[in-house]
$ cat entry_39.txt   # compact mmCIF, C-alpha atoms and all ligand atoms
# COMPACT_ATOMS: atom_id res chain seq x y z
CA MET O 1 -24.50 -13.41 3.96
CA LEU O 2 -23.32 -9.94 2.91
CA THR O 3 -23.81 -8.91 -0.71
CA LEU O 4 -21.36 -6.39 -2.13
CA ASP O 5 -21.49 -4.43 -5.35
CA GLY O 6 -18.05 -4.46 -6.99
CA SER O 7 -18.93 -1.43 -9.11
CA LEU O 8 -19.40 0.70 -5.97
CA GLY O 9 -17.61 4.07 -6.08
CA GLU O 10 -14.15 3.51 -7.38
CA GLY O 11 -15.09 0.04 -8.64
CA GLY O 12 -11.62 -1.56 -8.60
CA GLY O 13 -9.88 -4.56 -7.08
CA GLN O 14 -9.65 -3.03 -3.68
CA ILE O 15 -13.33 -3.64 -2.90
CA LEU O 16 -12.67 -7.35 -3.35
CA ARG O 17 -9.39 -7.37 -1.38
CA THR O 18 -10.87 -5.41 1.53
CA ALA O 19 -13.88 -7.73 1.58
CA LEU O 20 -11.64 -10.83 1.58
CA GLY O 21 -9.52 -9.41 4.40
CA LEU O 22 -12.53 -8.49 6.53
CA SER O 23 -14.36 -11.73 5.83
CA LEU O 24 -11.34 -13.63 7.20
CA VAL O 25 -11.21 -11.44 10.30
CA THR O 26 -14.94 -11.41 11.08
CA GLY O 27 -15.88 -14.86 9.79
CA LEU O 28 -18.72 -13.22 7.79
CA GLU O 29 -19.49 -14.83 4.43
CA PHE O 30 -19.97 -12.56 1.43
CA ARG O 31 -20.99 -12.53 -2.18
CA ILE O 32 -19.66 -9.90 -4.58
CA GLU O 33 -21.12 -9.03 -7.95
CA LYS O 34 -19.83 -6.83 -10.81
CA ILE O 35 -16.21 -7.36 -9.73
CA ARG O 36 -13.95 -4.54 -11.02
CA ALA O 37 -16.83 -3.33 -13.18
CA ASN O 38 -15.18 0.08 -13.69
CA ARG O 39 -11.87 -1.29 -14.98
CA GLN O 40 -10.84 -1.70 -18.61
CA LYS O 41 -10.61 -5.49 -18.19
CA PRO O 42 -13.36 -6.20 -15.64
CA GLY O 43 -13.54 -9.32 -13.49
CA LEU O 44 -10.79 -11.24 -11.71
CA GLN O 45 -7.30 -10.89 -13.22
CA ARG O 46 -4.30 -12.99 -12.08
CA GLN O 47 -3.47 -10.78 -9.11
CA HIS O 48 -7.07 -10.75 -7.83
CA LEU O 49 -7.39 -14.49 -8.31
CA ALA O 50 -4.13 -14.97 -6.38
CA ALA O 51 -5.56 -12.82 -3.58
CA VAL O 52 -8.74 -14.95 -3.54
CA GLN O 53 -6.71 -18.17 -3.46
CA ALA O 54 -4.42 -16.88 -0.71
CA ALA O 55 -7.41 -15.77 1.37
CA ALA O 56 -9.12 -19.12 0.75
CA ALA O 57 -6.04 -21.02 1.96
CA ILE O 58 -5.61 -18.87 5.08
CA GLY O 59 -9.34 -18.96 5.84
CA GLN O 60 -9.93 -22.63 4.87
CA ALA O 61 -12.71 -21.15 2.78
CA GLU O 62 -15.13 -22.56 0.26
CA VAL O 63 -15.22 -20.30 -2.81
CA GLU O 64 -17.51 -20.09 -5.83
CA GLY O 65 -16.53 -18.15 -8.96
CA ALA O 66 -12.74 -18.13 -8.47
CA GLU O 67 -11.83 -18.05 -12.17
CA ILE O 68 -10.05 -15.61 -14.46
CA ASN O 69 -12.47 -12.90 -15.72
CA SER O 70 -15.18 -13.99 -13.26
CA GLN O 71 -17.31 -11.03 -12.17
CA GLN O 72 -19.00 -12.85 -9.30
CA LEU O 73 -17.62 -14.57 -6.25
CA ALA O 74 -18.96 -16.14 -3.07
CA PHE O 75 -16.59 -16.60 -0.14
CA HIS O 76 -17.36 -18.80 2.88
CA PRO O 77 -14.51 -18.70 5.44
CA ARG O 78 -14.16 -21.56 7.94
CA GLY O 79 -11.63 -20.17 10.43
CA VAL O 80 -8.19 -18.62 10.05
CA ALA O 81 -5.26 -21.05 9.97
CA PRO O 82 -2.00 -19.18 10.61
CA GLY O 83 1.21 -20.95 9.61
CA ASP O 84 3.74 -21.20 6.78
CA TYR O 85 2.49 -20.42 3.28
CA ALA O 86 3.89 -19.74 -0.19
CA PHE O 87 1.82 -17.87 -2.77
CA ALA O 88 2.81 -17.04 -6.34
CA VAL O 89 0.84 -14.57 -8.45
CA GLY O 90 2.19 -16.24 -11.56
CA THR O 91 2.58 -13.04 -13.58
CA ALA O 92 3.88 -9.59 -12.70
CA GLY O 93 0.63 -9.07 -10.77
CA SER O 94 1.29 -7.34 -7.47
CA ALA O 95 2.43 -9.66 -4.67
CA THR O 96 2.27 -6.75 -2.22
CA LEU O 97 -1.49 -6.46 -2.75
CA VAL O 98 -1.90 -10.20 -2.15
CA PHE O 99 0.05 -9.77 1.08
CA GLN O 100 -2.14 -6.87 2.21
CA THR O 101 -5.24 -9.00 1.67
CA ILE O 102 -4.22 -11.68 4.17
CA LEU O 103 -2.19 -9.59 6.62
CA PRO O 104 -5.18 -8.31 8.69
CA ALA O 105 -6.28 -11.84 9.63
CA LEU O 106 -2.74 -13.08 10.26
CA MET O 107 -1.71 -10.15 12.45
CA ILE O 108 -4.47 -10.94 14.96
CA ALA O 109 -4.39 -14.74 14.56
CA ALA O 110 -3.69 -17.23 17.35
CA LYS O 111 -0.20 -18.17 16.14
CA PRO O 112 2.66 -16.65 14.07
CA SER O 113 2.92 -17.04 10.29
CA ALA O 114 5.69 -17.02 7.71
CA LEU O 115 4.94 -16.18 4.08
CA VAL O 116 6.82 -16.41 0.81
CA LEU O 117 5.20 -14.30 -1.92
CA GLU O 118 6.25 -14.29 -5.55
CA GLY O 119 5.15 -11.97 -8.34
CA GLY O 120 5.43 -8.23 -8.86
CA THR O 121 7.08 -6.24 -6.07
CA HIS O 122 7.38 -2.99 -8.04
CA ASN O 123 4.20 -2.41 -10.06
CA PRO O 124 2.54 0.78 -11.16
CA LEU O 125 -0.84 1.20 -9.40
CA ALA O 126 0.15 -0.95 -6.41
CA PRO O 127 2.23 -0.42 -3.27
CA PRO O 128 5.91 -1.01 -4.08
CA TYR O 129 7.96 -3.09 -1.62
CA GLU O 130 9.69 -0.03 -0.09
CA PHE O 131 6.33 1.58 0.67
CA LEU O 132 5.27 -1.57 2.48
CA ALA O 133 8.53 -1.99 4.39
CA LYS O 134 9.25 1.63 5.29
CA ALA O 135 5.82 3.33 5.51
CA PHE O 136 2.97 0.85 5.96
CA LEU O 137 4.43 -1.93 8.14
CA PRO O 138 6.11 0.34 10.73
CA LEU O 139 2.65 1.85 11.39
CA VAL O 140 1.03 -1.58 11.58
CA ASN O 141 3.75 -2.64 14.03
CA ARG O 142 3.00 0.36 16.21
CA MET O 143 -0.45 -1.17 16.69
CA GLY O 144 1.10 -4.24 18.34
CA PRO O 145 2.07 -7.02 15.93
CA ASN O 146 5.61 -7.63 14.75
CA VAL O 147 5.59 -7.93 10.96
CA ARG O 148 8.99 -8.20 9.24
CA ALA O 149 9.56 -8.05 5.49
CA LYS O 150 12.53 -9.09 3.40
CA LEU O 151 12.95 -8.64 -0.33
CA ASP O 152 14.82 -11.52 -1.97
CA ARG O 153 14.36 -10.40 -5.58
CA HIS O 154 12.85 -7.33 -7.23
CA GLY O 155 9.97 -8.07 -9.60
CA PHE O 156 9.21 -5.20 -11.99
CA TYR O 157 6.24 -4.90 -14.30
CA PRO O 158 5.95 -6.49 -16.88
CA ALA O 159 8.42 -9.37 -16.27
CA GLY O 160 7.59 -9.93 -12.60
CA GLY O 161 9.45 -12.75 -10.87
CA GLY O 162 9.96 -10.90 -7.57
CA LYS O 163 10.14 -12.66 -4.25
CA MET O 164 9.56 -11.45 -0.70
CA ARG O 165 9.37 -13.12 2.69
CA MET O 166 7.25 -11.95 5.58
CA THR O 167 7.08 -13.10 9.18
CA ILE O 168 4.11 -12.13 11.31
CA GLU O 169 3.98 -12.29 15.10
CA PRO O 170 0.36 -11.49 15.92
CA VAL O 171 -1.37 -9.80 18.86
CA THR O 172 -4.83 -10.51 20.23
CA ARG O 173 -5.87 -6.85 20.19
CA LEU O 174 -4.59 -4.04 18.02
CA ALA O 175 -3.80 -0.74 19.72
CA ARG O 176 -5.37 2.48 18.47
CA LEU O 177 -3.19 4.58 16.17
CA ASP O 178 -3.31 8.36 15.74
CA LEU O 179 -1.46 10.06 12.92
CA LEU O 180 -2.44 13.69 13.28
CA ASP O 181 0.98 15.28 13.03
CA ARG O 182 3.98 13.93 11.12
CA GLY O 183 6.43 15.81 13.33
CA LYS O 184 9.60 17.55 12.31
CA LEU O 185 11.07 16.72 8.90
CA LEU O 186 14.32 14.85 9.53
CA GLY O 187 15.43 14.22 5.96
CA LEU O 188 14.76 12.65 2.57
CA ARG O 189 16.29 9.44 1.28
CA ALA O 190 16.12 8.94 -2.49
CA THR O 191 16.88 5.58 -4.12
CA ALA O 192 16.99 5.11 -7.87
CA ILE O 193 16.59 1.37 -8.42
CA ILE O 194 17.59 0.03 -11.83
CA ALA O 195 17.64 -3.49 -13.26
CA SER O 196 19.40 -4.13 -16.59
CA LEU O 197 19.32 -0.44 -17.50
CA PRO O 198 22.18 2.02 -18.03
CA TYR O 199 23.55 3.56 -14.83
CA HIS O 200 23.01 7.08 -16.15
CA VAL O 201 19.23 6.58 -15.83
CA ALA O 202 19.63 6.47 -12.04
CA GLU O 203 22.12 9.35 -12.03
CA ARG O 204 19.87 11.61 -14.10
CA GLU O 205 16.87 10.86 -11.89
CA LEU O 206 18.76 11.64 -8.70
CA LYS O 207 20.09 14.86 -10.21
CA VAL O 208 16.54 16.09 -10.89
CA LEU O 209 15.39 15.15 -7.39
CA LYS O 210 18.30 17.01 -5.83
CA ARG O 211 17.58 20.11 -7.89
CA GLU O 212 13.80 20.04 -7.34
CA LEU O 213 13.80 19.21 -3.63
CA SER O 214 16.92 20.86 -2.17
CA ASN O 215 15.48 24.36 -2.33
CA HIS O 216 12.42 23.18 -0.57
CA LEU O 217 14.49 21.60 2.20
CA ARG O 218 16.51 24.78 2.74
CA HIS O 219 13.39 26.94 2.98
CA SER O 220 11.30 24.55 5.03
CA SER O 221 13.66 24.69 7.95
CA PRO O 222 15.54 27.84 8.90
CA ALA O 223 17.58 25.78 11.41
CA THR O 224 21.36 25.85 11.22
CA ARG O 225 21.33 22.26 9.93
CA PRO O 226 18.42 21.94 7.49
CA PRO O 227 17.26 18.42 6.58
CA THR O 228 19.11 16.96 3.60
CA LEU O 229 18.44 14.68 0.65
CA ASP O 230 20.47 11.49 0.77
CA PRO O 231 20.66 10.03 -2.78
CA GLN O 232 21.73 6.53 -3.81
CA ALA O 233 21.68 4.50 -7.01
CA LEU O 234 20.94 0.80 -6.59
CA GLU O 235 21.59 -1.73 -9.35
CA VAL O 236 19.63 -4.95 -8.79
CA LYS O 237 19.17 -8.27 -10.56
CA SER O 238 15.69 -9.02 -11.84
CA HIS O 239 13.97 -11.18 -14.45
CA GLY O 240 13.46 -8.17 -16.69
CA THR O 241 14.37 -4.52 -16.95
CA GLY O 242 13.05 -2.15 -14.35
CA ASN O 243 13.34 1.28 -12.83
CA ALA O 244 11.70 2.51 -9.64
CA LEU O 245 12.55 5.84 -8.08
CA VAL O 246 11.72 5.97 -4.38
CA VAL O 247 11.74 8.87 -1.92
CA GLU O 248 11.41 8.18 1.78
CA VAL O 249 10.28 11.24 3.71
CA GLU O 250 11.53 10.72 7.25
CA CYS O 251 9.64 12.71 9.85
CA ALA O 252 9.83 12.54 13.62
CA SER O 253 6.50 10.69 13.93
CA LEU O 254 6.41 8.61 10.75
CA THR O 255 8.01 7.91 7.39
CA GLU O 256 6.04 8.37 4.15
CA VAL O 257 7.22 6.80 0.90
CA PHE O 258 6.59 8.04 -2.63
CA VAL O 259 7.50 6.30 -5.85
CA SER O 260 7.64 6.89 -9.58
CA PHE O 261 8.28 4.17 -12.16
CA GLY O 262 10.39 4.36 -15.27
CA GLU O 263 8.45 3.65 -18.45
CA LEU O 264 9.59 2.88 -21.95
CA GLY O 265 9.54 6.13 -23.91
CA VAL O 266 9.40 8.38 -20.82
CA LYS O 267 12.59 10.29 -20.05
CA ALA O 268 14.32 9.74 -16.71
CA GLU O 269 13.95 13.47 -16.01
CA VAL O 270 10.18 13.23 -16.43
CA VAL O 271 9.96 10.20 -14.10
CA ALA O 272 11.91 12.13 -11.45
CA GLY O 273 9.96 15.35 -12.03
CA ARG O 274 6.67 13.57 -11.33
CA LEU O 275 8.03 12.19 -8.07
CA ALA O 276 9.48 15.53 -6.96
CA LYS O 277 6.03 17.06 -7.48
CA ASP O 278 4.37 14.42 -5.29
CA VAL O 279 6.96 14.84 -2.54
CA ARG O 280 6.72 18.64 -2.62
CA ARG O 281 2.96 18.47 -2.46
CA PHE O 282 3.19 16.32 0.67
CA LEU O 283 5.78 18.57 2.30
CA GLU O 284 3.81 21.73 1.56
CA ALA O 285 0.43 20.40 2.66
CA GLY O 286 1.65 19.58 6.16
CA VAL O 287 -0.50 16.43 6.28
CA ALA O 288 0.74 13.32 8.11
CA VAL O 289 -0.51 10.69 5.68
CA GLY O 290 -0.29 10.67 1.87
CA LYS O 291 -2.97 9.57 -0.57
CA HIS O 292 -2.08 5.87 -0.76
CA LEU O 293 -1.25 5.35 2.88
CA ALA O 294 -4.65 6.89 3.67
CA ASP O 295 -6.66 4.25 1.85
CA GLN O 296 -4.48 1.45 3.26
CA ILE O 297 -4.33 2.46 6.93
CA LEU O 298 -8.13 2.62 7.23
CA LEU O 299 -8.55 -1.14 7.56
CA PRO O 300 -6.01 -1.67 10.39
CA MET O 301 -7.46 1.35 12.21
CA ALA O 302 -10.99 0.00 11.84
CA LEU O 303 -9.85 -3.36 13.24
CA ALA O 304 -8.30 -1.58 16.21
CA GLY O 305 -11.75 -0.10 16.88
CA GLY O 306 -10.59 3.44 16.27
CA GLY O 307 -7.91 5.83 15.11
CA ALA O 308 -7.46 9.18 13.41
CA PHE O 309 -5.25 10.75 10.77
CA VAL O 310 -4.73 13.96 8.83
CA THR O 311 -4.42 13.54 5.08
CA PHE O 312 -5.31 15.05 1.69
CA PRO O 313 -8.99 15.14 0.71
CA LEU O 314 -9.86 11.45 0.44
CA SER O 315 -9.39 9.64 -2.88
CA PRO O 316 -12.21 7.60 -4.44
CA HIS O 317 -10.18 4.55 -3.29
CA ALA O 318 -10.33 5.63 0.34
CA LEU O 319 -14.01 6.60 0.21
CA THR O 320 -14.91 3.26 -1.35
CA ASN O 321 -12.83 1.42 1.23
CA ILE O 322 -14.74 3.17 4.01
CA GLU O 323 -18.04 1.95 2.52
CA VAL O 324 -16.78 -1.66 2.49
CA LEU O 325 -15.40 -1.38 6.04
CA LYS O 326 -18.78 -0.19 7.29
CA GLN O 327 -20.48 -3.24 5.85
CA PHE O 328 -18.31 -5.63 7.90
CA LEU O 329 -17.48 -3.69 11.08
CA PRO O 330 -19.49 -1.51 13.49
CA ILE O 331 -17.44 1.57 12.72
CA GLU O 332 -18.23 5.21 12.11
CA VAL O 333 -15.97 7.46 10.06
CA ARG O 334 -16.03 11.24 10.41
CA ILE O 335 -14.25 13.41 7.86
CA GLU O 336 -13.73 17.10 8.55
CA ALA O 337 -11.56 19.88 7.16
CA ALA O 338 -8.21 20.03 9.00
CA ASN O 339 -6.47 22.92 7.26
CA ASP O 340 -6.57 24.56 3.82
CA LEU O 341 -5.18 21.48 2.17
CA GLY O 342 -6.17 18.54 4.30
CA VAL O 343 -8.86 16.61 6.13
CA ARG O 344 -8.99 14.87 9.50
CA VAL O 345 -10.40 11.35 9.36
CA GLU O 346 -11.60 9.81 12.62
CA LEU O 347 -12.74 6.22 13.06
CA THR O 348 -14.83 5.42 16.13
CA PRO O 349 -16.71 2.29 17.20
CA ASN O 350 -20.42 2.36 16.46
CA PRO O 351 -22.02 0.37 19.31
P1 LIG R 1 -6.87 -1.04 -6.98
O1 LIG R 1 -6.63 0.06 -7.97
O2 LIG R 1 -8.29 -1.06 -6.51
O3 LIG R 1 -6.38 -2.36 -7.43
O4 LIG R 1 -6.00 -0.68 -5.64
C1 LIG R 1 -4.65 -0.33 -5.71
C2 LIG R 1 -4.05 -0.14 -4.32
O5 LIG R 1 -2.65 0.14 -4.50
C3 LIG R 1 -4.59 1.00 -3.47
O6 LIG R 1 -4.61 0.64 -2.12
C4 LIG R 1 -3.57 2.11 -3.70
O7 LIG R 1 -3.47 3.05 -2.63
C5 LIG R 1 -2.29 1.31 -3.80
N1 LIG R 1 -1.24 2.05 -4.55
C6 LIG R 1 -1.25 2.41 -5.86
N2 LIG R 1 -0.13 3.12 -6.17
C7 LIG R 1 0.61 3.19 -5.04
C8 LIG R 1 1.86 3.81 -4.71
N3 LIG R 1 2.57 4.48 -5.61
N4 LIG R 1 2.30 3.71 -3.42
C9 LIG R 1 1.58 3.05 -2.50
N5 LIG R 1 0.41 2.44 -2.75
C10 LIG R 1 -0.09 2.51 -4.00
$ encode --input "entry_39.txt" --output "structure tokens"
Amino acid sequence: MLTLDGSLGEGGGQILRTALGLSLVTGLEFRIEKIRANRQKPGLQRQHLAAVQAAAAIGQAEVEGAEINSQQLAFHPRGVAPGDYAFAVGTAGSATLVFQTILPALMIAAKPSALVLEGGTHNPLAPPYEFLAKAFLPLVNRMGPNVRAKLDRHGFYPAGGGKMRMTIEPVTRLARLDLLDRGKLLGLRATAIIASLPYHVAERELKVLKRELSNHLRHSSPATRPPTLDPQALEVKSHGTGNALVVEVECASLTEVFVSFGELGVKAEVVAGRLAKDVRRFLEAGVAVGKHLADQILLPMALAGGGAFVTFPLSPHALTNIEVLKQFLPIEVRIEAANDLGVRVELTPNP
């Protein structure tokens, strides 16, 4: 049985989620101690517990320590059972993170699956639905499986209550994926999503994005038809108020997605300014993969037995994820400087 230290490196929930995902795939049992030791509220919170319960259902697993605030867990999987499942986080805890925990096993399972997930779909510090649907899943699908996502209801922090449906047609073997060059910039799509908030919030956010990013677009491409920013405001129904500002960066080889969330007491202009900075940083660095996509694409690439990508210097999240991957899979990860601003990450099998 593997023993993991939950305080390793970054010390957050991702160590647990990666371990659950890989335990399902490999059939290896594990024990984890000091769960989320470096977080303000250590131990299992609702979202982590939901991930444990979802993984236990999919993996027909026996689990010890699956309780709120628990800092220790033992997980004994008994074989992946694809099929139809519904999981509810129960609070605004991120349903997208629960989905990412069980996806690896289901995308290489023997039969298709259909999932209904309820909880937060637009949470700070977690992948928002649009990131999943437009950036992460298209890359996963390029590796072979056919994973489709549909958002039935937005769930914003803190009210939650979101709902999404996923269908997963698996493959027996994932194909290698290389993301070394994002290709030509085709355009930016900006969506200001608001729930039970005044329309001017969305308008003000889009105005800032247009101002901050248009110059960049004109200069980045001296072509006769430079890429443009396509803005839209989207009013949605949700259980509570919410505001998520999303920019999809469409490039010839992939789409990256960046997001900024409205917060009580933070001006719409500030929310948009933060996002414009993130998008500009990505455009200027010339990397293919942004910070969040980097830590999330590692696991699928490791399962495929190899892959490579160019990204920003790796975050503590990504470095910690690599350490967990290496405990479950015979994989080597080489990181080298790619240009002034980026690194090239290469995963190779370690026989
Ligand atoms: P943890 O902090 O350990 O619970 O992990 C959070 C996960 O959510 C990591 O995989 C992050 O990359 C991911 N994440 C956080 N913010 C975003 C974002 N804005 N877009 C996409 N993924 C995100």
$ closest_residue --input "entry_39.txt" --among "O:Val171, O:Ala195, O:Leu125, O:Val140" --to "ligand LIG 1 (chain R)" --atoms "all atoms listed in the file"
O:Leu125
$ residues_around --input "entry_39.txt" --residues "Val25 (chain O)" --least-positions-apart "3" --cutoff "12 Å" --atoms "all atoms listed in the file" --output "PyMOL selection string"
chain O and resi 18-22+28-29+55+58-59+77-81+101-110+172+299-300+302-304+325+328-329
$ atom_distance --input "entry_39.txt" --atom1 "CA of Gly183 (chain O)" --atom2 "CA of Pro349 (chain O)"
27.1 Å
$ residues_near_ligand --input "entry_39.txt" --ligand "ligand LIG 1 (chain R)" --cutoff "8 Å" --atoms "only C-alpha atoms and all ligand atoms" --output "count of residues only"
26
$ residues_near_point --input "entry_39.txt" --point "(3.3, -3.1, 19.9)" --cutoff "10 Å" --atoms "only C-alpha atoms" --output "short mmCIF file (atom, residue, chain, number, x, y, z; two decimals) with C-alpha atoms, in the frame of the given file"
data_model
loop_
_atom_site.label_atom_id
_atom_site.label_comp_id
_atom_site.auth_asym_id
_atom_site.auth_seq_id
_atom_site.Cartn_x
_atom_site.Cartn_y
_atom_site.Cartn_z
CA LEU O 139 2.65 1.85 11.39
CA VAL O 140 1.03 -1.58 11.58
CA ASN O 141 3.75 -2.64 14.03
CA ARG O 142 3.00 0.36 16.21
CA MET O 143 -0.45 -1.17 16.69
CA GLY O 144 1.10 -4.24 18.34
CA PRO O 145 2.07 -7.02 15.93
CA ASN O 146 5.61 -7.63 14.75
CA PRO O 170 0.36 -11.49 15.92
CA VAL O 171 -1.37 -9.80 18.86
CA ARG O 173 -5.87 -6.85 20.19
CA LEU O 174 -4.59 -4.04 18.02
CA ALA O 175 -3.80 -0.74 19.72
#
$ residues_around --input "entry_39.txt" --residues "region 231-233 of chain O" --least-positions-apart "3" --cutoff "10 Å" --atoms "all atoms listed in the file" --output "ChimeraX atom specification"
/O:188-194,199-203,205-207,209-210,228,236,245-247
$ residues_around --input "entry_39.txt" --residues "His76 (chain O)" --least-positions-apart "4" --cutoff "7 Å" --atoms "all atoms listed in the file" --output "JSON, numbers by chain"
{"O": [29, 30, 61, 62, 63]}
$ residues_around --input "entry_39.txt" --residues "Arg182 (chain O)" --least-positions-apart "6" --cutoff "12 Å" --atoms "all atoms listed in the file" --output "list in words"
Val249, Glu250, Cys251, Ala252, Ser253, Leu254, Thr255, Glu256, Phe282, Leu283, Ala285, Gly286, Val287, Ala288, Val289, Gly290, Phe309, Val310 and Thr311 of chain O
$ atom_distance --input "entry_39.txt" --atom1 "CA of Thr121 (chain O)" --atom2 "CA of Gly9 (chain O)"
26.8 Å
